[in-house]
Amino acid sequence: MDIVYAGYTYTDDDTGATFDVPSGWVKDEQSRGVVFTSTDDTAEALFLKPHDIWSSLDNKDSISRDAINQEAFVEDDFIGFSSNFIADCKDEKVSSETIGSYDYFVVTGSGYTKGGTKVQMESCTHIENGYAYQWVFFKYADSSSQDRSSDYIAMIESAKY
């Protein structure tokens with residue numbers, strides 16, 4: 001069921017991570033996480049289900065959960081990440097940025113959705129205590145309405161992991 005809120009704090013049940021959702025976004029819980037769609041249908045912001053990296057390790061007996069963090073990865077680990085979300089991306093860029101209180105690996109690019117709609121994509125990943133917290137933003141290229149990327153960044157800036 002889609003619900004429009006006037007702004008509220010979202011809490012992930014599995015990890016306790018929280019972030020603020022600005023007004024003007026419709027929430028849709030899915031198996032892959034939570035999707036927020038702007039009420040003017042110009043953009044989507046996804047907070048993917050936090051991936052438990054540590055639990056999937058074969059050698060977790062020899063490495064502590066808190067050793068799996070941002071410093072254990074490099075930008076090159078995220079090359080090609082855009083292909084998980086969009087097709088025909090020829091302008092992918094990977095960088096490291098601090099957003100709010102946390103460091104993120106940021107992947108940007110443009111391409112097409114499965115339905116063939118042209119989009120610009122940005123993904124931000126923060127890794128802490130064995131979990132990868134991933135955010136993905138889609139701005140539909142043909143949209144003439146306002147840019148919602150500042151709302152997406154505000155969600156990430158307000159995050160607490």
# chains A, B, ... in the order shown; residues from 1 in each chain; ligands from 1
>>> residues_around(residues="Ser110 (chain A)", least_positions_apart="6", cutoff="10 Å", atoms="only C-alpha atoms", output="ChimeraX atom specification")
/A:82,86-92,118-122,138-141
>>> write_last_selection(atoms="C-alpha atoms", output="mmCIF file, in the first residue's frame")
data_model
loop_
_atom_site.group_PDB
_atom_site.id
_atom_site.type_symbol
_atom_site.label_atom_id
_atom_site.label_comp_id
_atom_site.auth_asym_id
_atom_site.auth_seq_id
_atom_site.Cartn_x
_atom_site.Cartn_y
_atom_site.Cartn_z
ATOM 1 C CA SER A 82 25.446 0.778 -12.266
ATOM 2 C CA ILE A 86 20.295 0.411 -15.398
ATOM 3 C CA ALA A 87 21.111 -0.834 -18.869
ATOM 4 C CA ASP A 88 23.468 0.645 -21.441
ATOM 5 C CA CYS A 89 25.396 2.882 -19.035
ATOM 6 C CA LYS A 90 28.399 4.329 -20.834
ATOM 7 C CA ASP A 91 29.220 7.210 -18.461
ATOM 8 C CA GLU A 92 29.629 5.491 -15.080
ATOM 9 C CA LYS A 118 15.995 7.056 -19.888
ATOM 10 C CA VAL A 119 17.265 7.743 -16.352
ATOM 11 C CA GLN A 120 20.122 9.251 -14.441
ATOM 12 C CA MET A 121 21.227 7.074 -11.529
ATOM 13 C CA GLU A 122 23.232 7.704 -8.378
ATOM 14 C CA PHE A 138 16.710 7.505 -10.252
ATOM 15 C CA LYS A 139 15.830 10.770 -11.978
ATOM 16 C CA TYR A 140 13.755 10.290 -15.083
ATOM 17 C CA ALA A 141 15.454 12.173 -17.927
#
>>> residues_around(residues="Phe78 (chain A)", least_positions_apart="6", cutoff="10 Å", atoms="only C-alpha atoms", output="list of chain:residue names")
A:Lys93, A:Val94, A:Ser95, A:Phe105, A:Val106, A:Val107, A:Ser123, A:Thr125
>>> closest_residue(among="A:Ile68, A:Val35, A:Ser158, A:Ser83", to="Tyr8 (chain A)", atoms="only C-alpha atoms")
A:Ser158
>>> select_by_dssp(residues="region 6-120 of chain A", states="strand (DSSP E or B)", output="ChimeraX atom specification")
/A:8-11,18-21,25-30,33-38,43-48,51-52,87,93-99,102-112,118-120
>>> closest_residue(among="A:Leu46, A:Ala67, A:Leu57, A:Ile156", to="Tyr104 (chain A)", atoms="only C-alpha atoms")
A:Ile156
>>> residues_around(residues="His126 (chain A)", least_positions_apart="4", cutoff="9 Å", atoms="only C-alpha atoms", output="ChimeraX atom specification")
/A:69-70,102-105,131-135
>>> write_last_selection(atoms="C-alpha atoms", output="compact mmCIF listing (two decimals), in the first residue's frame")
# COMPACT_ATOMS: atom_id res chain seq x y z
CA ASN A 69 33.75 -1.31 7.20
CA GLN A 70 34.35 1.46 4.69
CA TYR A 102 29.46 9.18 6.85
CA ASP A 103 31.74 8.27 3.96
CA TYR A 104 30.18 6.70 0.87
CA PHE A 105 31.23 5.07 -2.36
CA TYR A 131 26.59 -4.18 6.76
CA ALA A 132 26.45 -2.41 3.40
CA TYR A 133 23.87 0.37 3.45
CA GLN A 134 22.95 1.21 -0.12
CA TRP A 135 20.93 4.07 -1.50
>>> residues_around(residues="Pro22 (chain A)", least_positions_apart="6", cutoff="10 Å", atoms="only C-alpha atoms", output="list of chain:residue names")
A:Tyr5, A:Ala6, A:Gly7, A:Tyr8, A:Thr9, A:Ser38, A:Asp151, A:Tyr152, A:Ala154, A:Met155
>>> atom_distance(atom1="CA of Asp52 (chain A)", atom2="CA of Asp28 (chain A)")
22.0 Å
>>> closest_residue(among="A:Val21, A:Trp54, A:Asp76, A:Gly100", to="Ile127 (chain A)", atoms="only C-alpha atoms")
A:Trp54
>>> select_by_dssp(residues="region 26-139 of chain A", states="helix (DSSP H, G or I)", output="ChimeraX atom specification")
/A:54-56,60-62,65-67,70-72,75-78,81-84
>>> decode(residues="region 60-73 of chain A", atoms="all heavy atoms", output="PDB file, in the first residue's frame")
ATOM      1  N   LYS A  60      34.423 -15.985   8.550  1.00  0.00           N
ATOM      2  CA  LYS A  60      33.962 -15.060   9.594  1.00  0.00           C
ATOM      3  C   LYS A  60      34.470 -15.440  10.986  1.00  0.00           C
ATOM      4  O   LYS A  60      34.441 -14.618  11.887  1.00  0.00           O
ATOM      5  CB  LYS A  60      32.450 -14.884   9.551  1.00  0.00           C
ATOM      6  CG  LYS A  60      31.640 -16.081   9.885  1.00  0.00           C
ATOM      7  CD  LYS A  60      30.161 -15.709   9.824  1.00  0.00           C
ATOM      8  CE  LYS A  60      29.332 -16.947   9.714  1.00  0.00           C
ATOM      9  NZ  LYS A  60      28.550 -17.005   8.525  1.00  0.00           N
ATOM     10  N   ASP A  61      34.960 -16.678  11.164  1.00  0.00           N
ATOM     11  CA  ASP A  61      35.541 -17.048  12.452  1.00  0.00           C
ATOM     12  C   ASP A  61      36.861 -16.327  12.699  1.00  0.00           C
ATOM     13  O   ASP A  61      37.268 -16.150  13.842  1.00  0.00           O
ATOM     14  CB  ASP A  61      35.777 -18.567  12.521  1.00  0.00           C
ATOM     15  CG  ASP A  61      34.467 -19.346  12.511  1.00  0.00           C
ATOM     16  OD1 ASP A  61      33.442 -18.778  12.916  1.00  0.00           O
ATOM     17  OD2 ASP A  61      34.484 -20.511  12.090  1.00  0.00           O
ATOM     18  N   SER A  62      37.513 -15.880  11.616  1.00  0.00           N
ATOM     19  CA  SER A  62      38.821 -15.242  11.752  1.00  0.00           C
ATOM     20  C   SER A  62      38.780 -13.725  11.554  1.00  0.00           C
ATOM     21  O   SER A  62      39.820 -13.076  11.582  1.00  0.00           O
ATOM     22  CB  SER A  62      39.815 -15.862  10.768  1.00  0.00           C
ATOM     23  OG  SER A  62      39.398 -15.622   9.443  1.00  0.00           O
ATOM     24  N   ILE A  63      37.594 -13.169  11.356  1.00  0.00           N
ATOM     25  CA  ILE A  63      37.471 -11.729  11.166  1.00  0.00           C
ATOM     26  C   ILE A  63      36.261 -11.221  11.942  1.00  0.00           C
ATOM     27  O   ILE A  63      35.194 -11.835  11.928  1.00  0.00           O
ATOM     28  CB  ILE A  63      37.370 -11.365   9.662  1.00  0.00           C
ATOM     29  CG1 ILE A  63      37.477  -9.863   9.455  1.00  0.00           C
ATOM     30  CG2 ILE A  63      36.127 -11.929   9.032  1.00  0.00           C
ATOM     31  CD1 ILE A  63      37.722  -9.463   8.018  1.00  0.00           C
ATOM     32  N   SER A  64      36.452 -10.136  12.635  1.00  0.00           N
ATOM     33  CA  SER A  64      35.348  -9.602  13.432  1.00  0.00           C
ATOM     34  C   SER A  64      34.397  -8.801  12.554  1.00  0.00           C
ATOM     35  O   SER A  64      34.787  -8.270  11.513  1.00  0.00           O
ATOM     36  CB  SER A  64      35.881  -8.714  14.563  1.00  0.00           C
ATOM     37  OG  SER A  64      36.503  -7.571  14.026  1.00  0.00           O
ATOM     38  N   ARG A  65      33.157  -8.728  12.989  1.00  0.00           N
ATOM     39  CA  ARG A  65      32.137  -7.982  12.245  1.00  0.00           C
ATOM     40  C   ARG A  65      32.565  -6.526  12.056  1.00  0.00           C
ATOM     41  O   ARG A  65      32.410  -5.956  10.982  1.00  0.00           O
ATOM     42  CB  ARG A  65      30.796  -8.056  12.973  1.00  0.00           C
ATOM     43  CG  ARG A  65      29.698  -7.224  12.313  1.00  0.00           C
ATOM     44  CD  ARG A  65      28.371  -7.371  13.003  1.00  0.00           C
ATOM     45  NE  ARG A  65      27.643  -8.547  12.607  1.00  0.00           N
ATOM     46  CZ  ARG A  65      27.030  -8.704  11.429  1.00  0.00           C
ATOM     47  NH1 ARG A  65      27.092  -7.754  10.517  1.00  0.00           N
ATOM     48  NH2 ARG A  65      26.384  -9.800  11.153  1.00  0.00           N
ATOM     49  N   ASP A  66      33.125  -5.906  13.081  1.00  0.00           N
ATOM     50  CA  ASP A  66      33.471  -4.496  12.974  1.00  0.00           C
ATOM     51  C   ASP A  66      34.681  -4.226  12.076  1.00  0.00           C
ATOM     52  O   ASP A  66      34.969  -3.077  11.750  1.00  0.00           O
ATOM     53  CB  ASP A  66      33.639  -3.843  14.345  1.00  0.00           C
ATOM     54  CG  ASP A  66      34.774  -4.437  15.166  1.00  0.00           C
ATOM     55  OD1 ASP A  66      35.399  -5.420  14.732  1.00  0.00           O
ATOM     56  OD2 ASP A  66      35.027  -3.902  16.256  1.00  0.00           O
ATOM     57  N   ALA A  67      35.378  -5.272  11.623  1.00  0.00           N
ATOM     58  CA  ALA A  67      36.478  -5.098  10.664  1.00  0.00           C
ATOM     59  C   ALA A  67      35.960  -4.908   9.241  1.00  0.00           C
ATOM     60  O   ALA A  67      36.698  -4.454   8.357  1.00  0.00           O
ATOM     61  CB  ALA A  67      37.425  -6.291  10.713  1.00  0.00           C
ATOM     62  N   ILE A  68      34.694  -5.230   9.030  1.00  0.00           N
ATOM     63  CA  ILE A  68      34.085  -5.047   7.711  1.00  0.00           C
ATOM     64  C   ILE A  68      33.450  -3.660   7.718  1.00  0.00           C
ATOM     65  O   ILE A  68      32.339  -3.461   8.206  1.00  0.00           O
ATOM     66  CB  ILE A  68      33.023  -6.130   7.398  1.00  0.00           C
ATOM     67  CG1 ILE A  68      33.603  -7.526   7.577  1.00  0.00           C
ATOM     68  CG2 ILE A  68      32.457  -5.935   6.004  1.00  0.00           C
ATOM     69  CD1 ILE A  68      34.782  -7.825   6.669  1.00  0.00           C
ATOM     70  N   ASN A  69      34.209  -2.693   7.200  1.00  0.00           N
ATOM     71  CA  ASN A  69      33.753  -1.315   7.200  1.00  0.00           C
ATOM     72  C   ASN A  69      34.243  -0.608   5.940  1.00  0.00           C
ATOM     73  O   ASN A  69      34.812  -1.242   5.047  1.00  0.00           O
ATOM     74  CB  ASN A  69      34.226  -0.600   8.472  1.00  0.00           C
ATOM     75  CG  ASN A  69      35.732  -0.677   8.612  1.00  0.00           C
ATOM     76  OD1 ASN A  69      36.472  -0.594   7.639  1.00  0.00           O
ATOM     77  ND2 ASN A  69      36.199  -0.846   9.835  1.00  0.00           N
ATOM     78  N   GLN A  70      34.025   0.665   5.878  1.00  0.00           N
ATOM     79  CA  GLN A  70      34.351   1.464   4.692  1.00  0.00           C
ATOM     80  C   GLN A  70      35.815   1.292   4.272  1.00  0.00           C
ATOM     81  O   GLN A  70      36.119   1.215   3.096  1.00  0.00           O
ATOM     82  CB  GLN A  70      34.046   2.944   4.988  1.00  0.00           C
ATOM     83  CG  GLN A  70      33.836   3.808   3.795  1.00  0.00           C
ATOM     84  CD  GLN A  70      32.508   3.597   3.108  1.00  0.00           C
ATOM     85  OE1 GLN A  70      31.620   2.893   3.575  1.00  0.00           O
ATOM     86  NE2 GLN A  70      32.354   4.209   1.958  1.00  0.00           N
ATOM     87  N   GLU A  71      36.711   1.217   5.240  1.00  0.00           N
ATOM     88  CA  GLU A  71      38.144   1.128   4.949  1.00  0.00           C
ATOM     89  C   GLU A  71      38.544  -0.211   4.340  1.00  0.00           C
ATOM     90  O   GLU A  71      39.636  -0.339   3.787  1.00  0.00           O
ATOM     91  CB  GLU A  71      38.963   1.384   6.226  1.00  0.00           C
ATOM     92  CG  GLU A  71      38.873   2.809   6.738  1.00  0.00           C
ATOM     93  CD  GLU A  71      37.564   3.107   7.474  1.00  0.00           C
ATOM     94  OE1 GLU A  71      36.986   2.202   8.109  1.00  0.00           O
ATOM     95  OE2 GLU A  71      37.095   4.254   7.387  1.00  0.00           O
ATOM     96  N   ALA A  72      37.694  -1.218   4.414  1.00  0.00           N
ATOM     97  CA  ALA A  72      38.011  -2.536   3.862  1.00  0.00           C
ATOM     98  C   ALA A  72      37.754  -2.607   2.351  1.00  0.00           C
ATOM     99  O   ALA A  72      38.042  -3.627   1.717  1.00  0.00           O
ATOM    100  CB  ALA A  72      37.184  -3.609   4.574  1.00  0.00           C
ATOM    101  N   PHE A  73      37.255  -1.520   1.763  1.00  0.00           N
ATOM    102  CA  PHE A  73      36.906  -1.498   0.345  1.00  0.00           C
ATOM    103  C   PHE A  73      37.562  -0.300  -0.338  1.00  0.00           C
ATOM    104  O   PHE A  73      37.997   0.644   0.320  1.00  0.00           O
ATOM    105  CB  PHE A  73      35.383  -1.428   0.178  1.00  0.00           C
ATOM    106  CG  PHE A  73      34.691  -2.663   0.688  1.00  0.00           C
ATOM    107  CD1 PHE A  73      34.362  -2.782   2.032  1.00  0.00           C
ATOM    108  CD2 PHE A  73      34.399  -3.710  -0.160  1.00  0.00           C
ATOM    109  CE1 PHE A  73      33.753  -3.921   2.521  1.00  0.00           C
ATOM    110  CE2 PHE A  73      33.782  -4.857   0.310  1.00  0.00           C
ATOM    111  CZ  PHE A  73      33.459  -4.962   1.652  1.00  0.00           C
TER     112      PHE A  73
END
